[in-house]
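Enquirer: protein15.pdb is the file, holding PDB, C-alpha atoms and all ligand atoms:
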```
MODEL        1
ATOM      1  CA  MET A   1      37.541 123.219 -24.119  1.00  0.00           C
ATOM      2  CA  PRO A   2      34.591 124.437 -22.028  1.00  0.00           C
ATOM      3  CA  SER A   3      36.658 125.911 -19.216  1.00  0.00           C
ATOM      4  CA  SER A   4      40.239 127.169 -18.947  1.00  0.00           C
ATOM      5  CA  LEU A   5      42.203 129.549 -16.717  1.00  0.00           C
ATOM      6  CA  ALA A   6      45.352 129.704 -18.864  1.00  0.00           C
ATOM      7  CA  ASN A   7      44.025 131.098 -22.149  1.00  0.00           C
ATOM      8  CA  GLY A   8      43.060 134.628 -21.200  1.00  0.00           C
ATOM      9  CA  PRO A   9      41.587 136.625 -18.314  1.00  0.00           C
ATOM     10  CA  GLY A  10      39.249 134.731 -15.997  1.00  0.00           C
ATOM     11  CA  ILE A  11      37.614 131.416 -16.804  1.00  0.00           C
ATOM     12  CA  ARG A  12      37.258 131.028 -20.559  1.00  0.00           C
ATOM     13  CA  CYS A  13      35.815 128.690 -23.107  1.00  0.00           C
ATOM     14  CA  CYS A  14      38.497 127.881 -25.727  1.00  0.00           C
ATOM     15  CA  LEU A  15      38.254 127.022 -29.375  1.00  0.00           C
ATOM     16  CA  TRP A  16      41.182 125.864 -31.521  1.00  0.00           C
ATOM     17  CA  LEU A  17      40.605 126.278 -35.254  1.00  0.00           C
ATOM     18  CA  GLN A  18      42.277 123.726 -37.493  1.00  0.00           C
ATOM     19  CA  GLY A  19      44.678 124.708 -40.264  1.00  0.00           C
ATOM     20  CA  CYS A  20      47.704 126.993 -40.422  1.00  0.00           C
ATOM     21  CA  SER A  21      50.098 127.621 -43.308  1.00  0.00           C
ATOM     22  CA  LEU A  22      52.382 130.074 -41.502  1.00  0.00           C
ATOM     23  CA  GLY A  23      54.885 127.410 -40.398  1.00  0.00           C
ATOM     24  CA  CYS A  24      56.590 129.087 -37.442  1.00  0.00           C
ATOM     25  CA  PRO A  25      59.652 126.969 -36.505  1.00  0.00           C
ATOM     26  CA  GLY A  26      59.163 125.574 -32.987  1.00  0.00           C
ATOM     27  CA  CYS A  27      55.365 125.911 -33.037  1.00  0.00           C
ATOM     28  CA  PHE A  28      53.968 123.856 -30.157  1.00  0.00           C
ATOM     29  CA  ASN A  29      50.668 123.097 -31.903  1.00  0.00           C
ATOM     30  CA  PRO A  30      51.882 121.307 -35.073  1.00  0.00           C
ATOM     31  CA  GLU A  31      48.888 118.974 -35.008  1.00  0.00           C
ATOM     32  CA  THR A  32      46.719 121.996 -35.857  1.00  0.00           C
ATOM     33  CA  HIS A  33      48.525 122.840 -39.144  1.00  0.00           C
ATOM     34  CA  ASP A  34      46.853 120.382 -41.526  1.00  0.00           C
ATOM     35  CA  PHE A  35      43.792 122.001 -43.134  1.00  0.00           C
ATOM     36  CA  ALA A  36      42.411 118.522 -43.743  1.00  0.00           C
ATOM     37  CA  GLY A  37      42.872 117.564 -40.091  1.00  0.00           C
ATOM     38  CA  GLY A  38      40.586 118.203 -37.143  1.00  0.00           C
ATOM     39  CA  ALA A  39      36.854 117.846 -37.612  1.00  0.00           C
ATOM     40  CA  SER A  40      34.143 119.971 -39.217  1.00  0.00           C
ATOM     41  CA  TYR A  41      31.393 121.414 -37.068  1.00  0.00           C
ATOM     42  CA  ASN A  42      28.323 123.462 -37.809  1.00  0.00           C
ATOM     43  CA  ILE A  43      28.756 127.056 -36.580  1.00  0.00           C
ATOM     44  CA  ASP A  44      25.415 126.997 -34.757  1.00  0.00           C
ATOM     45  CA  ASP A  45      26.513 123.850 -32.899  1.00  0.00           C
ATOM     46  CA  VAL A  46      29.830 125.427 -31.914  1.00  0.00           C
ATOM     47  CA  PHE A  47      27.973 128.502 -30.683  1.00  0.00           C
ATOM     48  CA  GLY A  48      25.620 126.256 -28.725  1.00  0.00           C
ATOM     49  CA  TRP A  49      28.567 124.622 -26.943  1.00  0.00           C
ATOM     50  CA  ILE A  50      30.072 128.020 -26.163  1.00  0.00           C
ATOM     51  CA  ARG A  51      26.792 129.313 -24.762  1.00  0.00           C
ATOM     52  CA  GLU A  52      26.396 126.242 -22.588  1.00  0.00           C
ATOM     53  CA  ALA A  53      29.934 126.444 -21.157  1.00  0.00           C
ATOM     54  CA  PRO A  54      29.413 126.852 -17.404  1.00  0.00           C
ATOM     55  CA  GLY A  55      30.591 129.958 -15.539  1.00  0.00           C
ATOM     56  CA  VAL A  56      32.843 131.448 -18.201  1.00  0.00           C
ATOM     57  CA  GLU A  57      33.446 135.153 -18.798  1.00  0.00           C
ATOM     58  CA  GLY A  58      34.774 134.849 -22.289  1.00  0.00           C
ATOM     59  CA  LEU A  59      35.811 132.937 -25.367  1.00  0.00           C
ATOM     60  CA  THR A  60      39.394 132.493 -26.551  1.00  0.00           C
ATOM     61  CA  VAL A  61      40.047 131.501 -30.160  1.00  0.00           C
ATOM     62  CA  SER A  62      43.406 130.037 -31.113  1.00  0.00           C
ATOM     63  CA  GLY A  63      44.724 127.523 -33.606  1.00  0.00           C
ATOM     64  CA  GLY A  64      45.946 126.740 -36.091  1.00  0.00           C
ATOM     65  CA  GLU A  65      45.390 130.138 -37.615  1.00  0.00           C
ATOM     66  CA  PRO A  66      41.950 131.620 -36.877  1.00  0.00           C
ATOM     67  CA  LEU A  67      42.266 134.296 -39.565  1.00  0.00           C
ATOM     68  CA  GLN A  68      42.650 131.628 -42.237  1.00  0.00           C
ATOM     69  CA  GLN A  69      38.989 130.791 -41.529  1.00  0.00           C
ATOM     70  CA  VAL A  70      38.017 134.405 -41.180  1.00  0.00           C
ATOM     71  CA  GLU A  71      34.524 134.236 -42.702  1.00  0.00           C
ATOM     72  CA  SER A  72      33.451 131.342 -40.451  1.00  0.00           C
ATOM     73  CA  LEU A  73      35.129 132.960 -37.472  1.00  0.00           C
ATOM     74  CA  MET A  74      33.220 136.164 -38.118  1.00  0.00           C
ATOM     75  CA  GLU A  75      29.924 134.310 -38.371  1.00  0.00           C
ATOM     76  CA  LEU A  76      30.607 132.636 -35.028  1.00  0.00           C
ATOM     77  CA  LEU A  77      31.739 135.822 -33.285  1.00  0.00           C
ATOM     78  CA  GLU A  78      28.701 137.735 -34.565  1.00  0.00           C
ATOM     79  CA  LEU A  79      26.566 135.200 -32.702  1.00  0.00           C
ATOM     80  CA  VAL A  80      28.736 135.494 -29.597  1.00  0.00           C
ATOM     81  CA  ARG A  81      28.544 139.317 -29.666  1.00  0.00           C
ATOM     82  CA  SER A  82      24.829 139.562 -30.369  1.00  0.00           C
ATOM     83  CA  LYS A  83      23.551 136.809 -28.075  1.00  0.00           C
ATOM     84  CA  THR A  84      25.958 136.720 -25.110  1.00  0.00           C
ATOM     85  CA  ASP A  85      28.016 138.998 -22.851  1.00  0.00           C
ATOM     86  CA  LEU A  86      31.145 136.912 -23.346  1.00  0.00           C
ATOM     87  CA  SER A  87      34.397 138.704 -24.039  1.00  0.00           C
ATOM     88  CA  VAL A  88      36.438 137.558 -27.033  1.00  0.00           C
ATOM     89  CA  LEU A  89      40.205 137.076 -27.212  1.00  0.00           C
ATOM     90  CA  VAL A  90      41.782 135.910 -30.473  1.00  0.00           C
ATOM     91  CA  PHE A  91      45.334 134.749 -31.195  1.00  0.00           C
ATOM     92  CA  THR A  92      46.716 135.166 -34.701  1.00  0.00           C
ATOM     93  CA  GLY A  93      50.120 134.269 -36.112  1.00  0.00           C
ATOM     94  CA  PHE A  94      49.864 137.136 -38.625  1.00  0.00           C
ATOM     95  CA  PRO A  95      51.689 140.328 -37.673  1.00  0.00           C
ATOM     96  CA  PHE A  96      49.090 143.021 -37.005  1.00  0.00           C
ATOM     97  CA  GLU A  97      49.960 144.907 -40.201  1.00  0.00           C
ATOM     98  CA  ALA A  98      49.356 141.727 -42.240  1.00  0.00           C
ATOM     99  CA  ALA A  99      46.100 140.976 -40.397  1.00  0.00           C
ATOM    100  CA  GLU A 100      44.886 144.465 -41.295  1.00  0.00           C
ATOM    101  CA  GLN A 101      45.341 143.622 -44.983  1.00  0.00           C
ATOM    102  CA  ILE A 102      42.770 140.802 -44.755  1.00  0.00           C
ATOM    103  CA  PRO A 103      39.692 142.269 -46.497  1.00  0.00           C
ATOM    104  CA  SER A 104      37.215 141.289 -43.746  1.00  0.00           C
ATOM    105  CA  PHE A 105      39.434 142.384 -40.880  1.00  0.00           C
ATOM    106  CA  TRP A 106      37.657 145.712 -40.350  1.00  0.00           C
ATOM    107  CA  LYS A 107      34.401 143.790 -39.836  1.00  0.00           C
ATOM    108  CA  LEU A 108      36.079 141.378 -37.428  1.00  0.00           C
ATOM    109  CA  LYS A 109      37.616 144.024 -35.148  1.00  0.00           C
ATOM    110  CA  PRO A 110      34.389 145.116 -33.397  1.00  0.00           C
ATOM    111  CA  LEU A 111      33.721 141.468 -32.557  1.00  0.00           C
ATOM    112  CA  ILE A 112      37.015 141.116 -30.658  1.00  0.00           C
ATOM    113  CA  ASP A 113      38.096 142.605 -27.310  1.00  0.00           C
ATOM    114  CA  VAL A 114      41.744 141.541 -27.401  1.00  0.00           C
ATOM    115  CA  LEU A 115      43.873 140.411 -30.339  1.00  0.00           C
ATOM    116  CA  ILE A 116      47.325 138.907 -29.749  1.00  0.00           C
ATOM    117  CA  ALA A 117      49.147 139.155 -33.073  1.00  0.00           C
ATOM    118  CA  GLY A 118      52.371 137.925 -34.586  1.00  0.00           C
ATOM    119  CA  PRO A 119      54.146 134.683 -35.420  1.00  0.00           C
ATOM    120  CA  TYR A 120      55.949 132.597 -32.820  1.00  0.00           C
ATOM    121  CA  VAL A 121      59.686 133.349 -33.160  1.00  0.00           C
ATOM    122  CA  GLU A 122      61.843 130.793 -31.367  1.00  0.00           C
ATOM    123  CA  GLY A 123      64.770 133.182 -30.908  1.00  0.00           C
ATOM    124  CA  LEU A 124      62.495 135.669 -29.129  1.00  0.00           C
ATOM    125  CA  ALA A 125      60.724 133.107 -26.945  1.00  0.00           C
ATOM    126  CA  VAL A 126      59.407 134.323 -23.613  1.00  0.00           C
ATOM    127  CA  ARG A 127      56.833 132.703 -21.373  1.00  0.00           C
ATOM    128  CA  SER A 128      54.560 135.225 -19.765  1.00  0.00           C
ATOM    129  CA  SER A 129      51.136 136.845 -19.951  1.00  0.00           C
ATOM    130  CA  LEU A 130      49.898 135.000 -23.049  1.00  0.00           C
ATOM    131  CA  ILE A 131      52.937 136.162 -25.031  1.00  0.00           C
ATOM    132  CA  SER A 132      55.085 133.303 -26.336  1.00  0.00           C
ATOM    133  CA  SER A 133      57.659 135.492 -28.126  1.00  0.00           C
ATOM    134  CA  THR A 134      58.495 139.153 -27.658  1.00  0.00           C
ATOM    135  CA  ASN A 135      57.663 140.175 -31.249  1.00  0.00           C
ATOM    136  CA  LYS A 136      53.968 139.542 -30.580  1.00  0.00           C
ATOM    137  CA  THR A 137      51.770 142.573 -30.084  1.00  0.00           C
ATOM    138  CA  LEU A 138      48.667 143.177 -27.963  1.00  0.00           C
ATOM    139  CA  HIS A 139      45.662 145.051 -29.356  1.00  0.00           C
ATOM    140  CA  PHE A 140      42.708 146.104 -27.219  1.00  0.00           C
ATOM    141  CA  PHE A 141      39.671 146.851 -29.396  1.00  0.00           C
ATOM    142  CA  SER A 142      37.373 147.574 -26.446  1.00  0.00           C
ATOM    143  CA  ASN A 143      37.884 148.851 -22.893  1.00  0.00           C
ATOM    144  CA  ARG A 144      36.879 145.517 -21.353  1.00  0.00           C
ATOM    145  CA  TYR A 145      40.444 144.505 -20.513  1.00  0.00           C
ATOM    146  CA  SER A 146      43.828 146.099 -19.976  1.00  0.00           C
ATOM    147  CA  GLN A 147      47.353 144.752 -20.007  1.00  0.00           C
ATOM    148  CA  ALA A 148      47.124 144.242 -16.223  1.00  0.00           C
ATOM    149  CA  ASP A 149      44.279 141.735 -16.717  1.00  0.00           C
ATOM    150  CA  LEU A 150      46.478 139.648 -18.966  1.00  0.00           C
ATOM    151  CA  ALA A 151      49.490 139.783 -16.651  1.00  0.00           C
ATOM    152  CA  THR A 152      47.995 137.373 -14.112  1.00  0.00           C
ATOM    153  CA  VAL A 153      47.041 134.610 -16.567  1.00  0.00           C
ATOM    154  CA  PRO A 154      48.859 131.356 -15.647  1.00  0.00           C
ATOM    155  CA  VAL A 155      51.372 130.134 -18.241  1.00  0.00           C
ATOM    156  CA  SER A 156      50.292 126.520 -17.973  1.00  0.00           C
ATOM    157  CA  GLU A 157      47.313 124.421 -16.985  1.00  0.00           C
ATOM    158  CA  VAL A 158      46.611 120.695 -16.636  1.00  0.00           C
ATOM    159  CA  ILE A 159      43.006 119.509 -16.547  1.00  0.00           C
ATOM    160  CA  ILE A 160      42.174 115.910 -15.598  1.00  0.00           C
ATOM    161  CA  SER A 161      38.582 114.994 -16.368  1.00  0.00           C
ATOM    162  CA  ALA A 162      36.448 112.638 -14.289  1.00  0.00           C
ATOM    163  CA  SER A 163      37.094 109.953 -16.906  1.00  0.00           C
ATOM    164  CA  GLY A 164      40.856 110.449 -16.682  1.00  0.00           C
ATOM    165  CA  ASP A 165      41.424 112.434 -19.892  1.00  0.00           C
ATOM    166  CA  VAL A 166      44.308 114.868 -19.505  1.00  0.00           C
ATOM    167  CA  SER A 167      44.374 118.253 -21.285  1.00  0.00           C
ATOM    168  CA  VAL A 168      47.446 120.468 -21.165  1.00  0.00           C
ATOM    169  CA  THR A 169      47.148 124.089 -22.335  1.00  0.00           C
ATOM    170  CA  GLY A 170      48.671 127.507 -21.833  1.00  0.00           C
ATOM    171  CA  ILE A 171      51.434 129.562 -23.390  1.00  0.00           C
ATOM    172  CA  ASP A 172      54.076 127.306 -21.842  1.00  0.00           C
ATOM    173  CA  PRO A 173      52.405 123.902 -21.461  1.00  0.00           C
ATOM    174  CA  VAL A 174      54.200 121.563 -19.096  1.00  0.00           C
ATOM    175  CA  SER A 175      55.454 118.276 -20.575  1.00  0.00           C
ATOM    176  CA  LEU A 176      53.925 115.125 -19.173  1.00  0.00           C
ATOM    177  CA  ARG A 177      55.598 111.738 -18.921  1.00  0.00           C
TER     178      ARG A 177
HETATM  179  S1  LIG B 201      50.803 130.794 -36.521  1.00  0.00           S
HETATM  180 FE1  LIG B 201      50.491 129.679 -34.597  1.00  0.00          FE
HETATM  181  S2  LIG B 201      49.759 127.634 -35.201  1.00  0.00           S
HETATM  182 FE2  LIG B 201      50.636 128.599 -37.042  1.00  0.00          FE
HETATM  183  S3  LIG B 201      52.756 127.856 -37.095  1.00  0.00           S
HETATM  184 FE3  LIG B 201      52.761 129.845 -36.050  1.00  0.00          FE
HETATM  185  S4  LIG B 201      52.594 129.355 -33.847  1.00  0.00           S
HETATM  186 FE4  LIG B 201      51.969 127.521 -35.007  1.00  0.00          FE
ENDMDL
END
```
How does the structure come out when it is put into structure tokens?
Ligand code: SF4

Expert:
Amino acid sequence: MPSSLANGPGIRCCLWLQGCSLGCPGCFNPETHDFAGGASYNIDDVFGWIREAPGVEGLTVSGGEPLQQVESLMELLELVRSKTDLSVLVFTGFPFEAAEQIPSFWKLKPLIDVLIAGPYVEGLAVRSSLISSTNKTLHFFSNRYSQADLATVPVSEVIISASGDVSVTGIDPVSLR
């Protein structure tokens, strides 16, 4: 998605990576779980789309589970870091302690400004500030953003394109009939 207001601070380009084996009950992106689903894209092409996104201040990566494609994610974010001024926000369903056990994680951290970590837990559901359940934790790896910057992010967003396509995103996407 080239432009979104509901996936992090400011206007952001958003990328959803396909495939997740974590299986959180109540996940609202079940269509992203199948590792054979989605479509394959060349990393340079994806970076090209991100760079061409108009008027954005950052990139948000969600899923699916981004850390289950960690090597490709790192390759992409190295391009973003070295060739743009875009900020980077990443969602992961792994608790932070588990994410830290991923061998490449230490190389990934400097490429990320904000990490939102932890599985979605239905019994702890809350709808605010990019946090979908209260067990999730926020990690700021740079001083680009603070918790206050995340507090004003809308919980839902509906985008209707000129051709009539409707996209619904956010931490609490509205249901359409
Ligand atoms: S980690 Fe995210 S995509 Fe995977 S099941 Fe949990 S909420 Fe859904």

Enquirer: Written as a PDB file with C-alpha atoms, in the coordinates of the input, what is the full residue list that the PyMOL selection byres (((chain A and resi 81) around 12) and not hetatm) yields on the file shown?

Expert:
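Generated output (out-v8.pdb):
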```pdb
ATOM      1  CA  PHE A  47      27.973 128.502 -30.683  1.00  0.00           C
ATOM      2  CA  ILE A  50      30.072 128.020 -26.163  1.00  0.00           C
ATOM      3  CA  ARG A  51      26.792 129.313 -24.762  1.00  0.00           C
ATOM      4  CA  GLY A  58      34.774 134.849 -22.289  1.00  0.00           C
ATOM      5  CA  LEU A  59      35.811 132.937 -25.367  1.00  0.00           C
ATOM      6  CA  MET A  74      33.220 136.164 -38.118  1.00  0.00           C
ATOM      7  CA  GLU A  75      29.924 134.310 -38.371  1.00  0.00           C
ATOM      8  CA  LEU A  76      30.607 132.636 -35.028  1.00  0.00           C
ATOM      9  CA  LEU A  77      31.739 135.822 -33.285  1.00  0.00           C
ATOM     10  CA  GLU A  78      28.701 137.735 -34.565  1.00  0.00           C
ATOM     11  CA  LEU A  79      26.566 135.200 -32.702  1.00  0.00           C
ATOM     12  CA  VAL A  80      28.736 135.494 -29.597  1.00  0.00           C
ATOM     13  CA  SER A  82      24.829 139.562 -30.369  1.00  0.00           C
ATOM     14  CA  LYS A  83      23.551 136.809 -28.075  1.00  0.00           C
ATOM     15  CA  THR A  84      25.958 136.720 -25.110  1.00  0.00           C
ATOM     16  CA  ASP A  85      28.016 138.998 -22.851  1.00  0.00           C
ATOM     17  CA  LEU A  86      31.145 136.912 -23.346  1.00  0.00           C
ATOM     18  CA  SER A  87      34.397 138.704 -24.039  1.00  0.00           C
ATOM     19  CA  VAL A  88      36.438 137.558 -27.033  1.00  0.00           C
ATOM     20  CA  LEU A 108      36.079 141.378 -37.428  1.00  0.00           C
ATOM     21  CA  LYS A 109      37.616 144.024 -35.148  1.00  0.00           C
ATOM     22  CA  PRO A 110      34.389 145.116 -33.397  1.00  0.00           C
ATOM     23  CA  LEU A 111      33.721 141.468 -32.557  1.00  0.00           C
ATOM     24  CA  ILE A 112      37.015 141.116 -30.658  1.00  0.00           C
ATOM     25  CA  ASP A 113      38.096 142.605 -27.310  1.00  0.00           C
TER      26      ASP A 113
END
```

Enquirer: Hey, which residues come within 9 Å of ligand LIG 201 (chain B) if we count only C-alpha atoms and all ligand atoms? Could you give them as a PyMOL selection string?

Expert: chain A and resi 18-33+62-66+91-94+118-121+132

Enquirer: Restricting the calculation to all atoms listed in the file, which member of A:Trp49, A:Ala162, A:Glu100, A:Asn135 is positioned closest to Gly123 of chain A?

Expert: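 Result for the nearest residue to Gly123 of chain A: A:Asn135.
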
Enquirer: If we count only C-alpha atoms, what is near His139 of chain A at a cut-off of 9 Å, once residues fewer than 6 positions away on the same chain are taken out, given as a PDB file with C-alpha atoms, in the coordinates of the input?

Expert:
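Saved file around16.pdb follows:
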```
ATOM      1  CA  PHE A  96      49.090 143.021 -37.005  1.00  0.00           C
ATOM      2  CA  ASP A 113      38.096 142.605 -27.310  1.00  0.00           C
ATOM      3  CA  VAL A 114      41.744 141.541 -27.401  1.00  0.00           C
ATOM      4  CA  LEU A 115      43.873 140.411 -30.339  1.00  0.00           C
ATOM      5  CA  ILE A 116      47.325 138.907 -29.749  1.00  0.00           C
ATOM      6  CA  ALA A 117      49.147 139.155 -33.073  1.00  0.00           C
TER       7      ALA A 117
END
```

Enquirer: Just checking: using only C-alpha atoms, which residue out of A:Gln69, A:Gln101, A:Thr169, A:Ser40 ends up closest to Ser3 of chain A?

Expert: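 Ranked by minimum distance to Ser3 of chain A, first place goes to A:Thr169.
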
Enquirer: Report the residues retrieved by the PyMOL selection byres (((chain A and resi 149-160) around 6) and not hetatm) from the displayed file, expressed as a VMD selection string.

Expert: chain A and resid 6 9 129 146 to 148 161 164 to 173

Enquirer: Kindly provide, as lines of an AutoDock Vina configuration file, the centre and edge lengths (Å, one decimal) of an axis-aligned box around all atoms of segment 114-129 of chain A given in the file, with 6 Å on each side.

Expert:
```
center_x = 53.3
center_y = 136.2
center_z = -27.6
size_x = 35.0
size_y = 22.7
size_z = 27.7
```

Enquirer: Pull the neighbourhood of (38.3, 128.1, -25.4) for me: all residues within 7 Å in file coordinates, counting only C-alpha atoms, as a PDB file with C-alpha atoms, in the coordinates of the input.

Expert:
```
ATOM      1  CA  MET A   1      37.541 123.219 -24.119  1.00  0.00           C
ATOM      2  CA  PRO A   2      34.591 124.437 -22.028  1.00  0.00           C
ATOM      3  CA  SER A   3      36.658 125.911 -19.216  1.00  0.00           C
ATOM      4  CA  SER A   4      40.239 127.169 -18.947  1.00  0.00           C
ATOM      5  CA  ARG A  12      37.258 131.028 -20.559  1.00  0.00           C
ATOM      6  CA  CYS A  13      35.815 128.690 -23.107  1.00  0.00           C
ATOM      7  CA  CYS A  14      38.497 127.881 -25.727  1.00  0.00           C
ATOM      8  CA  LEU A  15      38.254 127.022 -29.375  1.00  0.00           C
ATOM      9  CA  LEU A  59      35.811 132.937 -25.367  1.00  0.00           C
ATOM     10  CA  THR A  60      39.394 132.493 -26.551  1.00  0.00           C
ATOM     11  CA  VAL A  61      40.047 131.501 -30.160  1.00  0.00           C
TER      12      VAL A  61
END
```

Enquirer: Considering only C-alpha atoms, can you say which of A:Leu5, A:Gly48, A:Pro103, A:Tyr41 comes closest to Gln68 of chain A?

Expert: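 Among the listed residues, A:Pro103 lies closest to Gln68 of chain A.
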
Enquirer: In Å, how far is it from atom CA of Gly8 of chain A to atom CA of Leu73 of chain A?

Expert: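 Distance between the two atoms: 18.2 Å.
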
Enquirer: Distance atom CA of Thr134 of chain A-atom CA of Pro95 of chain A, one decimal place?

Expert: 12.2 Å

Enquirer: Quote the spacing between atom CA of Gly38 of chain A and atom CA of Val174 of chain A in Å to one decimal place.

Expert: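 Spanning atom CA of Gly38 of chain A to atom CA of Val174 of chain A is a straight-line distance of 22.9 Å.
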
Enquirer: Please determine, counting only C-alpha atoms, which residue among A:Tyr145, A:Phe105, A:Phe35, A:Trp16 has the shortest atom-to-atom distance to Glu71 of chain A.

Expert: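 Selected residue with least distance to Glu71 of chain A: A:Phe105.
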
Enquirer: Using all atoms listed in the file, which residues sit within 9 Å of Ile102 of chain A once same-chain residues fewer than 4 positions away are excluded, as number ranges by chain?

Expert: A: 67, 70, 98, 106
